[in-house]
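Engineer: Pasting a structure here, questions to come.
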Amino acid sequence: MTADRTSFAALHRPGEPLLLPNAWDHASAAALAARGFPAIATSSLAVAAGAGLPDGAAATREHTVRLARTLGSGPYHLSVDAEGGFGDDPAQVARLAAELWAAGAVGVNLEDGLGVSELLAAKIHAVKAAVPGMFVNARTDTYWSGDGDEKDTLRRLDAYQQAGADGVFVPGLTDPARIAELVRRLGVPLNILHSPAGCTVSRLADLGVARISLGSLLYRRALGAALDAMTDIAAGRTPGGTTPSYDEVCALERSVPASRPANSTG
């Protein structure tokens, strides 16, 4: 984003949370920004699925950086889902963060995958040392793929805060009382993953949540809409839902400098 990148942190307001949609290409990001969303995130599942690779297996570093370079100049703040940093070497993760920052990203999401908390803490420390302006959102998977142990969750989040994380993310946590307790205990903004079966956006705001992520939901819904449309067409029905026109999609294209036509090979 060409505007002041440090203002991304200011969008994380407890009680007035940043609703952060996750895009998977230029068109999806541009369309969401046109609807007024000031910040856009990427989704590791969408990146992996688009490349035919497994999610969460450190297999999509190049694809993630490429997407960041595509989206980084957009009129919105960009946060990148980087799994666990695509490696266990904190120095390598810091170099990745520097690449993402150079591409225009203002935030990065790093997860512990229920590994040892000291490793993610070391990665966070390295990233903040290399790119101080990068908003590091540290994710723990104690609820996402673990048993939701409250003491372990707090222990991990405390370690990530102490390492320099600017925010923490607890996907899979949906219990209002536990969310409120975390808000009271934390010294940094709390990010919660939106769940259609969980708390509403307004309820999460009332609980003091500062950031609400959509994760892979929009990407999965888009795939579902395509399948539903084909089912309707095959059955002789008119597909429902929103269908942007050809011209509306074309209008999302990035501008190309007049001195360098789109078909230029120079």
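Here's how to read the names in the structure tokens: chain A, B, ... by the order shown, residue numbers from 1 in each chain, ligand numbers from 1 in the order shown.
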Give one line per residue of range 97-177 of chain A that approaches range 77-89 of chain A to at most 9 Å, naming the two atoms of the closest pair and their distance in Å to one decimal, counting only C-alpha atoms; sort by chain then ascending residue number and deliver it as a Markdown table.

Structural biologist:
| residue | atom | partner | partner_atom | distance |
| --- | --- | --- | --- | --- |
| A:Ala97 | CA | A:Gly85 | CA | 8.4 |
| A:Leu100 | CA | A:Val80 | CA | 7.8 |
| A:Gly104 | CA | A:Leu78 | CA | 7.2 |
| A:Ala105 | CA | A:Leu78 | CA | 4.8 |
| A:Val106 | CA | A:Leu78 | CA | 5.6 |
| A:Gly107 | CA | A:Ser79 | CA | 4.1 |
| A:Val108 | CA | A:Val80 | CA | 4.7 |
| A:Asn109 | CA | A:Asp81 | CA | 4.7 |
| A:Leu110 | CA | A:Gly84 | CA | 5.0 |
| A:Glu111 | CA | A:Gly84 | CA | 4.8 |
| A:Asp112 | CA | A:Gly84 | CA | 6.2 |
| A:Gly113 | CA | A:Gly84 | CA | 7.3 |
| A:Leu119 | CA | A:Asp88 | CA | 7.4 |
| A:Leu120 | CA | A:Gly84 | CA | 7.7 |
| A:Ala122 | CA | A:Asp89 | CA | 8.9 |
| A:Lys123 | CA | A:Asp89 | CA | 7.5 |
| A:Phe135 | CA | A:Ser79 | CA | 8.2 |

Engineer: Excluding range 43-48 of chain A and any residue of its chain fewer than 3 positions from it, enumerate the residues within 12 Å of it, using only C-alpha atoms, and give them as an MDAnalysis selection string.

Structural biologist: chainID A and resid 20:25 28:29 40 51:68 78:86 108:111 213:223

Engineer: With DSSP run on the backbone, what are the helix (DSSP H, G or I) residues within range 55-144 of chain A? I'd like them as a PyMOL selection string.

Structural biologist: chain A and resi 61-71+90-103+117-130

Engineer: Could you write out the selected residues, including N, CA, C and O atoms, as a compact mmCIF listing (two decimals), in the first residue's frame?

Structural biologist:
# COMPACT_ATOMS: atom_id res chain seq x y z
N ARG A 61 6.05 -21.26 -0.23
CA ARG A 61 6.76 -20.00 0.01
C ARG A 61 6.79 -19.12 -1.23
O ARG A 61 6.43 -17.94 -1.18
N GLU A 62 7.22 -19.68 -2.35
CA GLU A 62 7.33 -18.89 -3.58
C GLU A 62 5.97 -18.37 -4.02
O GLU A 62 5.84 -17.22 -4.46
N HIS A 63 4.94 -19.20 -3.91
CA HIS A 63 3.60 -18.79 -4.32
C HIS A 63 3.07 -17.66 -3.42
O HIS A 63 2.41 -16.73 -3.88
N THR A 64 3.40 -17.74 -2.13
CA THR A 64 2.96 -16.72 -1.19
C THR A 64 3.63 -15.39 -1.47
O THR A 64 2.99 -14.33 -1.47
N VAL A 65 4.93 -15.42 -1.72
CA VAL A 65 5.66 -14.19 -2.03
C VAL A 65 5.15 -13.60 -3.35
O VAL A 65 4.98 -12.38 -3.48
N ARG A 66 4.89 -14.47 -4.32
CA ARG A 66 4.39 -13.99 -5.61
C ARG A 66 3.04 -13.29 -5.44
O ARG A 66 2.79 -12.24 -6.04
N LEU A 67 2.17 -13.85 -4.62
CA LEU A 67 0.87 -13.22 -4.40
C LEU A 67 1.04 -11.88 -3.67
O LEU A 67 0.36 -10.90 -3.99
N ALA A 68 1.96 -11.83 -2.72
CA ALA A 68 2.22 -10.57 -2.02
C ALA A 68 2.69 -9.50 -2.98
O ALA A 68 2.30 -8.33 -2.88
N ARG A 69 3.51 -9.87 -3.94
CA ARG A 69 3.98 -8.90 -4.93
C ARG A 69 2.84 -8.44 -5.84
O ARG A 69 2.83 -7.31 -6.30
N THR A 70 1.89 -9.34 -6.07
CA THR A 70 0.73 -8.97 -6.88
C THR A 70 -0.18 -8.01 -6.15
O THR A 70 -0.71 -7.05 -6.74
N LEU A 71 -0.38 -8.23 -4.85
CA LEU A 71 -1.33 -7.46 -4.08
C LEU A 71 -0.72 -6.27 -3.35
O LEU A 71 -1.45 -5.36 -2.94
N PRO A 90 14.86 -19.15 12.28
CA PRO A 90 14.35 -17.79 12.47
C PRO A 90 14.95 -16.78 11.50
O PRO A 90 14.25 -15.86 11.06
N ALA A 91 16.20 -16.94 11.14
CA ALA A 91 16.85 -16.01 10.21
C ALA A 91 16.20 -16.10 8.83
O ALA A 91 16.01 -15.07 8.16
N GLN A 92 15.85 -17.31 8.41
CA GLN A 92 15.17 -17.47 7.13
C GLN A 92 13.77 -16.86 7.17
O GLN A 92 13.32 -16.26 6.19
N VAL A 93 13.09 -17.00 8.28
CA VAL A 93 11.76 -16.42 8.41
C VAL A 93 11.86 -14.89 8.38
O VAL A 93 11.01 -14.21 7.79
N ALA A 94 12.90 -14.35 8.99
CA ALA A 94 13.11 -12.91 8.96
C ALA A 94 13.36 -12.42 7.53
O ALA A 94 12.88 -11.35 7.13
N ARG A 95 14.09 -13.21 6.76
CA ARG A 95 14.33 -12.82 5.35
C ARG A 95 13.02 -12.86 4.56
O ARG A 95 12.79 -12.03 3.67
N LEU A 96 12.18 -13.84 4.87
CA LEU A 96 10.87 -13.90 4.22
C LEU A 96 10.08 -12.64 4.56
O LEU A 96 9.46 -12.02 3.67
N ALA A 97 10.05 -12.25 5.83
CA ALA A 97 9.32 -11.06 6.23
C ALA A 97 9.85 -9.82 5.50
O ALA A 97 9.06 -8.95 5.10
N ALA A 98 11.16 -9.76 5.32
CA ALA A 98 11.74 -8.62 4.60
C ALA A 98 11.28 -8.62 3.14
O ALA A 98 11.02 -7.55 2.56
N GLU A 99 11.17 -9.79 2.53
CA GLU A 99 10.66 -9.88 1.15
C GLU A 99 9.21 -9.42 1.07
O GLU A 99 8.82 -8.70 0.15
N LEU A 100 8.41 -9.84 2.04
CA LEU A 100 7.00 -9.46 2.05
C LEU A 100 6.85 -7.96 2.27
O LEU A 100 6.02 -7.30 1.64
N TRP A 101 7.67 -7.41 3.15
CA TRP A 101 7.64 -5.96 3.41
C TRP A 101 8.02 -5.20 2.14
O TRP A 101 7.36 -4.21 1.78
N ALA A 102 9.05 -5.67 1.46
CA ALA A 102 9.47 -5.02 0.21
C ALA A 102 8.38 -5.10 -0.85
O ALA A 102 8.27 -4.22 -1.72
N ALA A 103 7.58 -6.16 -0.79
CA ALA A 103 6.49 -6.33 -1.76
C ALA A 103 5.30 -5.43 -1.45
O ALA A 103 4.42 -5.28 -2.30
N SER A 117 6.69 -23.58 21.73
CA SER A 117 6.45 -22.14 21.67
C SER A 117 7.73 -21.35 21.52
O SER A 117 7.73 -20.25 20.94
N GLU A 118 8.83 -21.89 22.03
CA GLU A 118 10.10 -21.17 21.94
C GLU A 118 10.53 -20.95 20.50
O GLU A 118 11.17 -19.93 20.19
N LEU A 119 10.16 -21.87 19.60
CA LEU A 119 10.54 -21.72 18.20
C LEU A 119 9.81 -20.56 17.55
O LEU A 119 10.42 -19.71 16.89
N LEU A 120 8.48 -20.49 17.75
CA LEU A 120 7.75 -19.37 17.16
C LEU A 120 8.19 -18.06 17.81
O LEU A 120 8.29 -17.03 17.13
N ALA A 121 8.46 -18.07 19.10
CA ALA A 121 8.94 -16.86 19.76
C ALA A 121 10.24 -16.38 19.14
O ALA A 121 10.44 -15.17 18.93
N ALA A 122 11.13 -17.30 18.82
CA ALA A 122 12.40 -16.93 18.19
C ALA A 122 12.17 -16.35 16.80
O ALA A 122 12.84 -15.40 16.38
N LYS A 123 11.21 -16.91 16.06
CA LYS A 123 10.90 -16.38 14.74
C LYS A 123 10.34 -14.96 14.85
O LYS A 123 10.70 -14.07 14.06
N ILE A 124 9.44 -14.75 15.80
CA ILE A 124 8.86 -13.42 15.99
C ILE A 124 9.95 -12.41 16.32
O ILE A 124 10.00 -11.30 15.75
N HIS A 125 10.83 -12.77 17.24
CA HIS A 125 11.92 -11.89 17.63
C HIS A 125 12.79 -11.54 16.42
O HIS A 125 13.17 -10.37 16.24
N ALA A 126 13.09 -12.52 15.59
CA ALA A 126 13.93 -12.29 14.42
C ALA A 126 13.25 -11.38 13.41
O ALA A 126 13.88 -10.50 12.82
N VAL A 127 11.95 -11.59 13.20
CA VAL A 127 11.20 -10.77 12.25
C VAL A 127 11.15 -9.32 12.73
O VAL A 127 11.39 -8.39 11.95
N LYS A 128 10.86 -9.11 14.01
CA LYS A 128 10.76 -7.74 14.52
C LYS A 128 12.12 -7.04 14.51
O LYS A 128 12.19 -5.82 14.36
N ALA A 129 13.19 -7.81 14.66
CA ALA A 129 14.53 -7.21 14.60
C ALA A 129 14.87 -6.80 13.17
O ALA A 129 15.51 -5.77 12.94
N ALA A 130 14.44 -7.62 12.20
CA ALA A 130 14.77 -7.35 10.80
C ALA A 130 13.83 -6.33 10.17
O ALA A 130 14.25 -5.50 9.35

Engineer: For range 145-150 of chain A, find every residue with an atom within 10 Å (counting only C-alpha atoms), except residues of its own chain fewer than 2 positions away, and show them as a count of residues only.

Structural biologist: 17

Engineer: Could you name the residues that touch Glu248 in chain A at 12 Å or less, counting only C-alpha atoms, but leaving out those on the same chain fewer than 4 positions away, as a list in words?

Structural biologist: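 Near neighbours after the sequence-gap exclusion: Ala27, Ala30, Ala31, Ala34, Thr243, Pro244, Leu252 and Glu253 of chain A.
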
Engineer: By how many Å are CA of Thr6 in chain A and CA of Thr42 in chain A apart?

Structural biologist: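 Between CA of Thr6 in chain A and CA of Thr42 in chain A the gap is 18.8 Å.
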
Engineer: Out of range 32-227 of chain A, which residues get strand (DSSP E or B) from DSSP, as a list in words?

Structural biologist: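 Answer for range 32-227 of chain A restricted to strand (DSSP E or B) is Ala39, Ile40, Ala41, Thr42, His77, Leu78, Ser79, Val80, Asp81, Gly107, Val108, Asn109, Leu110, Glu111, Phe135, Val136, Asn137, Ala138, Arg139, Gly167, Val168, Phe169, Leu190, Asn191, Ile192, Leu193, Arg211, Ile212 and Ser213 of chain A.
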
Engineer: Of the candidates A:Val209, A:Tyr160, A:Thr174, A:Val188, which one gets nearest to Gly15 in chain A if we count only C-alpha atoms?

Structural biologist: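 Among the listed residues, the smallest separation from Gly15 in chain A belongs to A:Val209.
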
Engineer: Env of Asn191 in chain A: 7 Å cut, atoms = only C-alpha atoms, seq-sep filter 4 positions within chain, self excluded. Answer as a list of chain:residue names.

Structural biologist: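 Once the nearby chain positions are removed, what remains is A:Val168, A:Phe169, A:Val170, A:Val209, A:Ala210, A:Arg211, A:Ile212.
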
Engineer: Can those selected residues be exported to a file as a PDB file, in the first residue's frame so that it contains N, CA and C atoms?

Structural biologist:
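Below is the file result27.pdb, written as the result:
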ATOM      1  N   VAL A 168      -2.190 -11.318  18.629  1.00  0.00           N
ATOM      2  CA  VAL A 168      -2.213 -12.779  18.729  1.00  0.00           C
ATOM      3  C   VAL A 168      -3.530 -13.297  18.181  1.00  0.00           C
ATOM      4  N   PHE A 169      -3.474 -14.502  17.648  1.00  0.00           N
ATOM      5  CA  PHE A 169      -4.585 -15.099  16.913  1.00  0.00           C
ATOM      6  C   PHE A 169      -4.864 -16.476  17.491  1.00  0.00           C
ATOM      7  N   VAL A 170      -6.134 -16.724  17.855  1.00  0.00           N
ATOM      8  CA  VAL A 170      -6.522 -18.019  18.427  1.00  0.00           C
ATOM      9  C   VAL A 170      -7.682 -18.585  17.612  1.00  0.00           C
ATOM     10  N   VAL A 209     -12.766  -8.058  21.189  1.00  0.00           N
ATOM     11  CA  VAL A 209     -11.896  -8.554  20.123  1.00  0.00           C
ATOM     12  C   VAL A 209     -11.486  -7.374  19.237  1.00  0.00           C
ATOM     13  N   ALA A 210     -10.239  -7.384  18.780  1.00  0.00           N
ATOM     14  CA  ALA A 210      -9.720  -6.263  17.989  1.00  0.00           C
ATOM     15  C   ALA A 210      -9.576  -6.592  16.504  1.00  0.00           C
ATOM     16  N   ARG A 211      -9.651  -7.867  16.169  1.00  0.00           N
ATOM     17  CA  ARG A 211      -9.493  -8.257  14.758  1.00  0.00           C
ATOM     18  C   ARG A 211     -10.264  -9.558  14.531  1.00  0.00           C
ATOM     19  N   ILE A 212     -11.029  -9.577  13.439  1.00  0.00           N
ATOM     20  CA  ILE A 212     -11.807 -10.762  13.083  1.00  0.00           C
ATOM     21  C   ILE A 212     -11.408 -11.184  11.681  1.00  0.00           C
TER      22      ILE A 212
END
